[in-house]
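Quick look at protein.cif (mmCIF, C-alpha atoms):
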```
data_data
#
loop_
_atom_site.label_atom_id
_atom_site.label_comp_id
_atom_site.auth_asym_id
_atom_site.auth_seq_id
_atom_site.Cartn_x
_atom_site.Cartn_y
_atom_site.Cartn_z
CA MET A 602 22.70 34.40 33.64
CA SER A 603 22.72 30.62 33.19
CA GLY A 604 21.53 28.90 30.04
CA ARG A 605 18.87 27.07 32.01
CA ASP A 606 16.68 30.00 32.82
CA TYR A 607 12.96 29.54 32.50
CA LEU A 608 10.25 32.14 32.33
CA GLY A 609 7.80 32.73 35.14
CA GLU A 610 4.11 32.27 34.38
CA PHE A 611 3.34 35.93 33.74
CA GLU A 612 6.64 36.53 31.96
CA HIS A 613 5.75 33.66 29.64
CA ILE A 614 2.33 35.16 28.92
CA VAL A 615 3.80 38.62 28.26
CA ILE A 616 6.45 37.32 25.84
CA LEU A 617 3.84 35.27 23.97
CA ALA A 618 1.73 38.43 23.68
CA LEU A 619 4.74 40.30 22.24
CA LEU A 620 5.27 37.52 19.70
CA ARG A 621 1.61 37.61 18.68
CA LEU A 622 1.55 41.38 18.30
CA GLY A 623 4.82 41.73 16.41
CA ASP A 624 5.68 45.37 15.71
CA ARG A 625 2.39 46.59 17.25
CA ALA A 626 3.46 45.55 20.75
CA TYR A 627 3.27 48.36 23.31
CA GLY A 628 1.65 48.71 26.74
CA VAL A 629 -1.98 49.07 25.61
CA THR A 630 -1.98 46.34 22.97
CA VAL A 631 -0.07 43.90 25.20
CA ARG A 632 -2.51 44.47 28.06
CA GLN A 633 -5.54 44.06 25.79
CA GLU A 634 -4.11 40.96 24.12
CA ILE A 635 -3.50 39.29 27.48
CA GLU A 636 -6.89 40.33 28.81
CA SER A 637 -8.79 39.05 25.78
CA ARG A 638 -6.92 35.73 25.57
CA THR A 639 -6.61 34.85 29.26
CA ARG A 640 -9.82 36.60 30.41
CA ARG A 641 -7.94 37.99 33.36
CA GLU A 642 -7.77 41.70 34.13
CA VAL A 643 -4.20 42.90 34.32
CA SER A 644 -2.91 46.33 35.20
CA ILE A 645 -0.61 48.36 33.03
CA GLY A 646 1.75 48.51 36.02
CA ALA A 647 2.04 44.71 36.06
CA ILE A 648 2.78 44.70 32.32
CA TYR A 649 5.56 47.30 32.64
CA ALA A 650 7.02 45.70 35.77
CA THR A 651 7.32 42.43 33.84
CA LEU A 652 8.56 44.03 30.63
CA ASN A 653 11.24 45.96 32.52
CA ARG A 654 12.37 42.75 34.23
CA LEU A 655 12.47 40.95 30.87
CA GLU A 656 14.43 43.82 29.35
CA ALA A 657 16.93 43.73 32.22
CA LYS A 658 17.41 40.02 31.53
CA GLY A 659 17.94 40.74 27.84
CA TYR A 660 14.84 38.88 26.66
CA VAL A 661 13.13 41.93 25.17
CA LYS A 662 14.19 45.30 23.81
CA SER A 663 12.25 48.52 23.62
CA HIS A 664 12.24 51.79 21.74
CA LEU A 665 10.14 54.95 21.99
CA GLY A 666 7.79 55.93 19.18
CA ASP A 667 6.72 59.43 18.30
CA PRO A 668 4.44 61.36 20.69
CA THR A 669 0.79 61.26 19.61
CA ALA A 670 -2.14 63.55 20.32
CA GLU A 671 -4.53 60.82 21.57
CA ARG A 672 -1.97 60.03 24.26
CA GLY A 673 -1.74 63.66 25.34
CA GLY A 674 1.55 64.12 23.51
CA ARG A 675 3.20 61.11 25.13
CA SER A 676 5.23 58.47 23.33
CA LYS A 677 4.46 54.78 22.92
CA ARG A 678 7.15 52.38 24.07
CA PHE A 679 7.34 49.49 21.61
CA PHE A 680 8.79 46.12 22.62
CA HIS A 681 10.18 43.19 20.68
CA VAL A 682 11.55 39.80 21.70
CA THR A 683 15.30 39.25 21.31
CA ALA A 684 16.95 36.02 20.11
CA LYS A 685 17.85 35.26 23.72
CA GLY A 686 14.22 35.79 24.74
CA LEU A 687 13.02 33.53 21.95
CA ALA A 688 15.40 30.76 23.05
CA THR A 689 14.12 31.07 26.63
CA VAL A 690 10.48 30.91 25.51
CA ASN A 691 11.24 27.75 23.54
CA ARG A 692 13.07 26.23 26.50
CA THR A 693 10.21 27.04 28.87
CA HIS A 694 7.70 25.73 26.37
CA ARG A 695 9.59 22.46 25.91
CA ALA A 696 9.85 22.03 29.68
CA LEU A 697 6.11 22.56 30.07
CA GLN A 698 5.33 20.20 27.19
CA GLY A 699 7.61 17.58 28.73
CA MET A 700 5.83 17.93 32.05
CA THR A 701 2.32 17.79 30.61
CA GLU A 702 2.95 15.02 28.05
CA GLY A 703 0.60 12.08 28.57
CA LEU A 704 -1.32 13.76 31.38
CA ASN A 705 -4.36 14.53 29.27
CA LEU A 706 -5.11 17.46 31.56
CA ILE A 707 -8.27 18.73 29.92
CA GLU A 708 -10.13 15.39 30.14
CA ARG A 709 -8.88 14.35 33.55
CA TYR A 710 -8.96 17.58 35.53
CA SER A 711 -11.41 19.98 33.90
CA MET B 529 -10.41 68.51 15.32
CA MET B 530 -10.94 67.54 18.91
CA THR B 531 -13.59 64.89 19.53
CA GLN B 532 -15.76 64.77 22.62
CA GLU B 533 -13.94 61.62 23.79
CA PHE B 534 -10.58 63.33 23.54
CA ARG B 535 -11.80 66.18 25.69
CA ALA B 536 -12.90 63.76 28.41
CA ARG B 537 -10.30 63.94 31.13
CA PRO B 538 -9.26 61.12 33.41
CA PRO B 539 -9.66 61.57 37.19
CA ARG B 540 -7.10 64.16 38.21
CA ILE B 541 -6.02 62.67 41.52
CA ALA B 542 -5.56 59.20 40.01
CA ALA B 543 -3.51 60.62 37.12
CA TRP B 544 -1.45 62.71 39.53
CA LEU B 545 -0.74 59.69 41.72
CA VAL B 546 0.37 57.59 38.74
CA ASP B 547 2.75 60.39 37.76
CA LEU B 548 4.14 60.43 41.29
CA PHE B 549 4.77 56.71 41.53
CA ALA B 550 5.87 55.73 38.05
CA PRO B 551 9.68 55.80 38.28
CA ASP B 552 10.94 56.18 34.71
CA GLU B 553 7.67 55.18 33.11
CA THR B 554 5.68 58.34 33.66
CA GLU B 555 5.60 59.06 29.96
CA THR B 556 4.57 55.63 28.73
CA ILE B 557 2.30 54.49 31.56
CA ALA B 558 0.40 57.78 31.68
CA GLY B 559 0.12 57.74 27.86
CA ASP B 560 -1.12 54.14 27.79
CA LEU B 561 -3.70 54.84 30.48
CA LEU B 562 -4.91 57.97 28.68
CA GLU B 563 -5.16 56.14 25.34
CA GLU B 564 -7.26 53.33 26.81
CA PHE B 565 -9.30 55.82 28.82
CA SER B 566 -10.19 57.72 25.64
CA GLU B 567 -11.11 54.46 23.89
CA LEU B 568 -13.34 53.38 26.77
CA ALA B 569 -14.91 56.83 27.10
CA SER B 570 -16.07 56.66 23.49
CA LYS B 571 -17.33 53.06 23.84
CA LEU B 572 -18.81 52.91 27.34
CA GLY B 573 -19.08 56.54 28.45
CA VAL B 574 -16.96 58.79 30.62
CA THR B 575 -18.22 57.44 33.97
CA SER B 576 -17.25 53.84 33.20
CA ALA B 577 -13.95 54.99 31.73
CA ARG B 578 -13.17 56.98 34.85
CA ARG B 579 -14.01 53.99 37.06
CA TRP B 580 -11.68 51.85 34.94
CA TYR B 581 -8.95 54.49 35.15
CA ARG B 582 -9.17 54.65 38.96
CA ARG B 583 -9.06 50.85 39.25
CA GLN B 584 -6.07 50.66 36.89
CA SER B 585 -4.29 53.45 38.75
CA VAL B 586 -4.64 51.74 42.12
CA LYS B 587 -3.42 48.41 40.72
CA THR B 588 -0.59 50.08 38.82
CA ILE B 589 0.61 52.02 41.87
CA ALA B 590 0.50 48.84 43.97
CA HIS B 591 2.60 47.06 41.34
CA LEU B 592 5.08 49.92 41.05
CA PHE B 593 5.38 50.03 44.84
CA ALA B 594 6.05 46.28 45.05
CA THR B 595 8.41 46.38 42.07
CA ALA B 596 10.49 49.13 43.65
CA PHE B 597 10.98 46.94 46.73
CA ARG B 598 11.90 43.93 44.62
CA ASP B 599 14.24 45.82 42.26
CA ALA B 600 16.07 47.95 44.80
CA PRO B 601 15.51 46.46 48.28
CA TRP B 602 18.82 47.72 49.66
CA LEU B 603 18.32 51.25 48.41
CA ILE B 604 14.86 51.42 50.00
CA ALA B 605 16.03 49.76 53.22
CA CYS B 606 19.12 51.97 53.60
CA THR B 607 17.33 55.24 52.84
CA THR B 608 14.48 54.30 55.19
CA VAL B 609 16.78 53.36 58.08
CA ALA B 610 18.96 56.44 57.55
CA GLY B 611 15.79 58.57 57.31
CA TYR B 612 14.45 57.06 60.53
CA TYR B 613 17.62 57.97 62.43
CA LEU B 614 17.64 61.41 60.84
CA PHE B 615 14.02 61.87 61.87
CA GLY B 616 14.86 60.70 65.41
CA PHE B 617 17.72 63.19 65.60
CA GLY B 618 15.76 66.03 64.03
CA TYR B 619 12.60 65.47 66.10
CA GLY B 620 14.16 66.93 69.25
CA LEU B 621 16.00 69.68 67.43
CA PRO B 622 13.22 72.33 67.26
CA GLU B 623 12.66 72.02 71.00
CA ARG B 624 16.35 72.51 71.77
CA VAL B 625 16.65 75.44 69.39
CA ILE B 626 13.50 77.20 70.60
CA VAL B 627 14.35 76.72 74.29
CA ALA B 628 17.86 78.05 73.64
CA ILE B 629 16.46 81.11 71.83
CA LEU B 630 13.89 81.74 74.58
CA ASN B 631 16.54 81.48 77.27
CA LEU B 632 18.66 83.93 75.33
CA HIS B 633 15.68 86.27 74.95
CA ARG B 634 14.77 86.45 78.63
CA HIS B 635 18.41 86.73 79.68
CA GLY B 636 18.02 84.14 82.41
CA VAL B 637 15.37 86.18 84.29
CA VAL B 638 13.02 83.92 86.25
CA PRO B 639 10.16 84.44 87.01
CA TYR B 640 8.71 86.48 84.14
CA PHE B 641 8.17 90.20 84.53
CA THR B 642 4.88 90.35 82.62
CA GLN B 643 2.03 88.12 81.49
CA SER B 644 2.83 88.82 77.82
CA GLN B 645 6.37 87.52 78.34
CA MET B 646 4.94 84.32 79.72
CA ASP B 647 2.37 84.01 76.90
CA PHE B 648 5.14 84.57 74.37
CA HIS B 649 7.23 81.86 76.00
CA ILE B 650 4.35 79.35 76.14
CA PHE B 651 3.29 80.09 72.56
CA TRP B 652 6.74 79.28 71.23
CA LEU B 653 7.08 76.23 73.44
CA ASN B 654 3.77 74.84 72.16
CA SER B 655 3.25 75.98 68.57
CA GLY B 656 6.85 76.72 67.67
CA ILE B 657 8.06 73.26 68.58
CA TYR B 658 5.09 71.64 66.80
CA VAL B 659 5.67 73.62 63.60
CA GLY B 660 9.41 73.04 63.86
CA ARG B 661 8.88 69.27 64.07
CA LEU B 662 6.62 69.37 61.04
CA LEU B 663 9.24 71.29 59.08
CA VAL B 664 11.92 68.80 60.15
CA SER B 665 9.66 65.97 58.92
CA LEU B 666 9.23 67.71 55.58
CA LEU B 667 12.98 68.18 55.29
CA VAL B 668 13.67 64.53 56.20
CA GLY B 669 11.14 63.43 53.54
CA CYS B 670 12.96 65.58 50.95
CA ILE B 671 16.39 64.23 51.93
CA VAL B 672 15.23 60.59 51.86
CA ALA B 673 13.56 61.12 48.48
CA MET B 674 16.70 62.72 47.07
CA ALA B 675 18.77 59.76 48.25
CA ALA B 676 16.32 57.21 46.82
CA LYS B 677 16.67 58.54 43.28
CA GLY B 678 13.95 57.18 41.00
CA ARG B 679 12.07 55.63 43.93
CA GLU B 680 11.32 58.79 45.85
CA MET B 681 7.73 58.05 46.80
CA VAL B 682 8.36 54.45 47.83
CA ALA B 683 11.18 55.44 50.19
CA ALA B 684 9.28 58.43 51.61
CA MET B 685 6.08 56.41 52.11
CA THR B 686 7.93 53.53 53.75
CA LEU B 687 9.55 55.95 56.18
CA GLY B 688 6.19 57.66 56.74
CA PHE B 689 4.53 54.33 57.56
CA ILE B 690 7.31 53.39 59.96
CA THR B 691 7.49 56.71 61.79
CA ALA B 692 3.71 56.74 62.24
CA GLY B 693 3.24 53.00 62.61
CA LEU B 694 5.74 52.26 65.38
CA PRO B 695 4.44 54.79 67.96
CA TRP B 696 0.82 53.96 67.12
CA ALA B 697 1.48 50.23 67.41
CA GLY B 698 3.19 50.85 70.76
CA TYR B 699 0.26 52.94 71.93
CA LEU B 700 -2.32 50.35 70.87
CA LEU B 701 -0.37 47.56 72.58
CA TRP B 702 -0.15 49.64 75.73
CA ALA B 703 -3.86 50.47 75.56
CA ALA B 704 -4.72 46.78 75.08
CA LYS B 705 -2.70 45.84 78.17
CA HIS B 706 -4.00 48.66 80.37
CA ARG B 707 -7.64 48.84 79.42
CA ASP B 708 -8.72 50.84 82.44
CA ALA B 709 -6.05 53.50 82.16
CA PHE B 710 -6.19 56.11 79.45
CA PRO B 711 -3.04 58.03 78.63
CA PRO B 712 -4.41 61.33 77.27
CA ALA B 713 -0.98 62.95 77.34
CA PHE B 714 0.23 60.47 74.74
CA LEU B 715 -2.43 61.30 72.14
CA PRO B 716 -1.17 64.78 71.12
CA PHE B 717 2.25 63.22 70.62
CA LEU B 718 0.71 60.58 68.34
CA VAL B 719 -1.20 63.20 66.36
CA ASN B 720 2.03 65.19 66.05
CA ILE B 721 3.85 62.08 64.81
CA LEU B 722 1.06 61.37 62.32
CA GLY B 723 1.30 64.92 60.96
CA GLY B 724 5.06 64.47 60.67
CA SER B 725 4.62 61.23 58.73
CA VAL B 726 2.25 62.90 56.30
CA LEU B 727 4.81 65.66 55.76
CA ILE B 728 7.57 63.11 55.14
CA VAL B 729 5.45 61.76 52.27
CA VAL B 730 4.72 65.32 51.08
CA GLY B 731 8.48 65.98 51.08
CA GLY B 732 8.98 62.88 48.92
CA GLY B 733 6.25 64.11 46.57
CA ILE B 734 7.85 67.55 46.23
CA VAL B 735 11.23 66.06 45.30
CA ARG B 736 9.57 63.64 42.89
CA LYS B 737 7.63 66.44 41.17
CA ILE B 738 10.74 68.61 40.84
CA ARG B 739 12.69 65.69 39.38
CA VAL B 740 9.94 64.85 36.88
CA SER B 741 9.61 68.47 35.77
CA ARG B 742 13.39 68.74 35.30
CA SER B 743 13.51 65.61 33.18
CA ALA B 744 10.48 66.62 31.12
CA SER B 745 10.80 65.56 27.51
CA PRO B 746 10.00 67.57 24.38
CA ALA B 747 6.67 65.69 24.37
CA ASP B 748 5.59 68.01 27.18
CA TYR B 749 5.42 70.76 24.63
CA LEU B 750 2.77 68.79 22.74
CA ARG B 751 0.95 67.90 25.94
CA SER B 752 0.32 71.52 26.75
CA TYR B 753 -1.32 71.94 23.32
CA PRO B 754 -3.90 69.15 23.07
CA ASP B 755 -5.19 70.39 19.70
CA HIS B 756 -1.97 69.26 17.99
#
```
Here is the file; what I need is its structure written in the form of structure tokens.
Amino acid sequence: MSGRDYLGEFEHIVILALLRLGDRAYGVTVRQEIESRTRREVSIGAIYATLNRLEAKGYVKSHLGDPTAERGGRSKRFFHVTAKGLATVNRTHRALQGMTEGLNLIERYS
Amino acid sequence: MMTQEFRARPPRIAAWLVDLFAPDETETIAGDLLEEFSELASKLGVTSARRWYRRQSVKTIAHLFATAFRDAPWLIACTTVAGYYLFGFGYGLPERVIVAILNLHRHGVVPYFTQSQMDFHIFWLNSGIYVGRLLVSLLVGCIVAMAAKGREMVAAMTLGFITAGLPWAGYLLWAAKHRDAFPPAFLPFLVNILGGSVLIVVGGGIVRKIRVSRSASPADYLRSYPDH
């Protein structure tokens, strides 16, 4: 993995959701956070596909919680962003800021 | 105490399909969907919650299907190609076996002595071969699913689409070129192939279910006792 990796659009959104949620980040809360902030309906499958990809890249880590009754005895899988993931978010963010600097997007194109 | 919302159950088929397709995520994805379903059932009612669950299931399965292709393209491609050749080899096998057995049975006597002998022969040539081909399809589906560990349904469905899709596409192309001619003899073959494709997918589903039940976690104990 090179040190110049950037996050894809949805990967970026998912990692930002994890950072916002902190230790409450699992499938349901991540999905709801993204849906409420971006106003776009996302499936739980899309969330897990992205989280698994991010975990394979070493940007996030996960652990299973205890099984709960409201989930039919199934466990929650909690996620958190690793230091490597945080560095990649910052790099992606800086790249986007660099690209949008001076464009005044909201006034010119909205 | 169980609340009314907790007793509301998500659509069975949708939940079953999610279980089939979710590779190692059965536990978490199914749990997440159930948790949100219960929340929605208490807020908006069971009907809306069920509609949401079905929509989420379809989208989730589509994502899992696409992800399996992206994550393990070679595994899916190799198992599908190998399965296709296996299916091609196995498709003619029941016919050869049944004809060999029938020839053995009548000891080379031609023509038949009785009508019942002839009926017996025709029955096995028609139904026996058809059933044999279906069983071969089921077996091929199981073998492909076993080889595509963790992506059983994706491999089996891909093979099912190909085995059904290629002959049907050929037939439709032929029919488009020769509009006046109608090849009725070809249709039973296509129906047979379609049945075989369905059984390939069923075979994949059987292997998937067995694998999931073998790797069931201690949480399954809780699941069977919803009051806990």
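Note that the spacing between atom CA of Gly616 of chain B and atom CA of Tyr658 of chain B amounts to 14.7 Å.
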Inset, instruction - Run the PyMOL selection byres ((chain B and resi 663) around 12) against the file shown and list the residues it catches, as number ranges by chain. - result: B: 615, 618-619, 621-622, 656-662, 664-670, 720, 723-728, 730-731
For the file shown, what are the residues hit by the PyMOL selection byres ((chain B and resi 557) around 9), laid out as a PDB file with C-alpha atoms, in the coordinates of the input?
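Just written: part38.pdb:
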```pdb
ATOM      1  CA  GLY A 628       1.650  48.710  26.740  1.00  0.00           C
ATOM      2  CA  ILE A 645      -0.610  48.360  33.030  1.00  0.00           C
ATOM      3  CA  GLY A 646       1.750  48.510  36.020  1.00  0.00           C
ATOM      4  CA  TYR A 649       5.560  47.300  32.640  1.00  0.00           C
ATOM      5  CA  LYS A 677       4.460  54.780  22.920  1.00  0.00           C
TER       6      LYS A 677
ATOM      7  CA  VAL B 546       0.370  57.590  38.740  1.00  0.00           C
ATOM      8  CA  ASP B 547       2.750  60.390  37.760  1.00  0.00           C
ATOM      9  CA  ALA B 550       5.870  55.730  38.050  1.00  0.00           C
ATOM     10  CA  GLU B 553       7.670  55.180  33.110  1.00  0.00           C
ATOM     11  CA  THR B 554       5.680  58.340  33.660  1.00  0.00           C
ATOM     12  CA  GLU B 555       5.600  59.060  29.960  1.00  0.00           C
ATOM     13  CA  THR B 556       4.570  55.630  28.730  1.00  0.00           C
ATOM     14  CA  ALA B 558       0.400  57.780  31.680  1.00  0.00           C
ATOM     15  CA  GLY B 559       0.120  57.740  27.860  1.00  0.00           C
ATOM     16  CA  ASP B 560      -1.120  54.140  27.790  1.00  0.00           C
ATOM     17  CA  LEU B 561      -3.700  54.840  30.480  1.00  0.00           C
ATOM     18  CA  LEU B 562      -4.910  57.970  28.680  1.00  0.00           C
ATOM     19  CA  THR B 588      -0.590  50.080  38.820  1.00  0.00           C
TER      20      THR B 588
END
```
Legend entry - Residue hits in chain A, query chain B, radius 6 Å, all atoms listed in the file, as a PyMOL selection string: chain A and resi 629+644+646-647+672-675+677
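Restricting the calculation to only C-alpha atoms, the smallest distance between Arg578 of chain B and any of B:Ile690, B:Ala543, B:Ile734, B:Val719 is found for B:Ala543.
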Selection result of the PyMOL selection byres ((chain B and resi 671-680) around 6) on this file, as a short mmCIF file (atom, residue, chain, number, x, y, z; two decimals) with C-alpha atoms, in the coordinates of the input:
```cif
data_model
loop_
_atom_site.label_atom_id
_atom_site.label_comp_id
_atom_site.auth_asym_id
_atom_site.auth_seq_id
_atom_site.Cartn_x
_atom_site.Cartn_y
_atom_site.Cartn_z
CA PRO B 551 9.68 55.80 38.28
CA THR B 607 17.33 55.24 52.84
CA GLY B 611 15.79 58.57 57.31
CA VAL B 668 13.67 64.53 56.20
CA GLY B 669 11.14 63.43 53.54
CA CYS B 670 12.96 65.58 50.95
CA MET B 681 7.73 58.05 46.80
CA VAL B 682 8.36 54.45 47.83
CA ALA B 683 11.18 55.44 50.19
CA ALA B 684 9.28 58.43 51.61
CA GLY B 732 8.98 62.88 48.92
CA ARG B 736 9.57 63.64 42.89
#
```
Inset, instruction - Quick one: residues within 10 Å of (-5.2, 35.2, 19.9) (file frame), counting all atoms listed in the file, please, as JSON, numbers by chain. - result: {"A": [617, 618, 621, 622, 634, 635, 637, 638, 639]}
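Using only C-alpha atoms, the nearest neighbour of Lys685 of chain A within the list A:Val615, A:Leu655, A:Ala670, A:Val643 is A:Leu655.
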Edge lengths and centre in Å to one decimal, as JSON, is what I'm after for the box along x, y and z that holds all listed atoms of segment 670-688 of chain A once 8 Å is added on each side.
```
{"center_x": 6.7, "center_y": 47.4, "center_z": 22.7, "size_x": 38.4, "size_y": 49.4, "size_z": 21.2}
```
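Of the listed residues (A:Gly703, A:Pro668, A:Gly609, A:Gly659), A:Gly659 comes nearest to Ala684 of chain A; the distances count only C-alpha atoms.
You will find atom CA of Val631 of chain A at 7.7 Å from atom CA of Ile648 of chain A.
Reported to one decimal place, the separation of atom CA of Ala626 of chain A from atom CA of Ala696 of chain A is 26.0 Å.
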Legend entry - Residues within 6 Å of Lys662 of chain A, only C-alpha atoms, excluding chain neighbours under 4 positions, as a PyMOL selection string: chain A and resi 656+680-681
Inset, instruction - Considering only C-alpha atoms, return as a PyMOL selection string whatever protein or nucleic-acid residues lie within 10 Å of Tyr660 of chain A, sequence-local ones (same chain, fewer than 4 positions apart) excluded. - result: chain A and resi 608+616+652-656+681-690
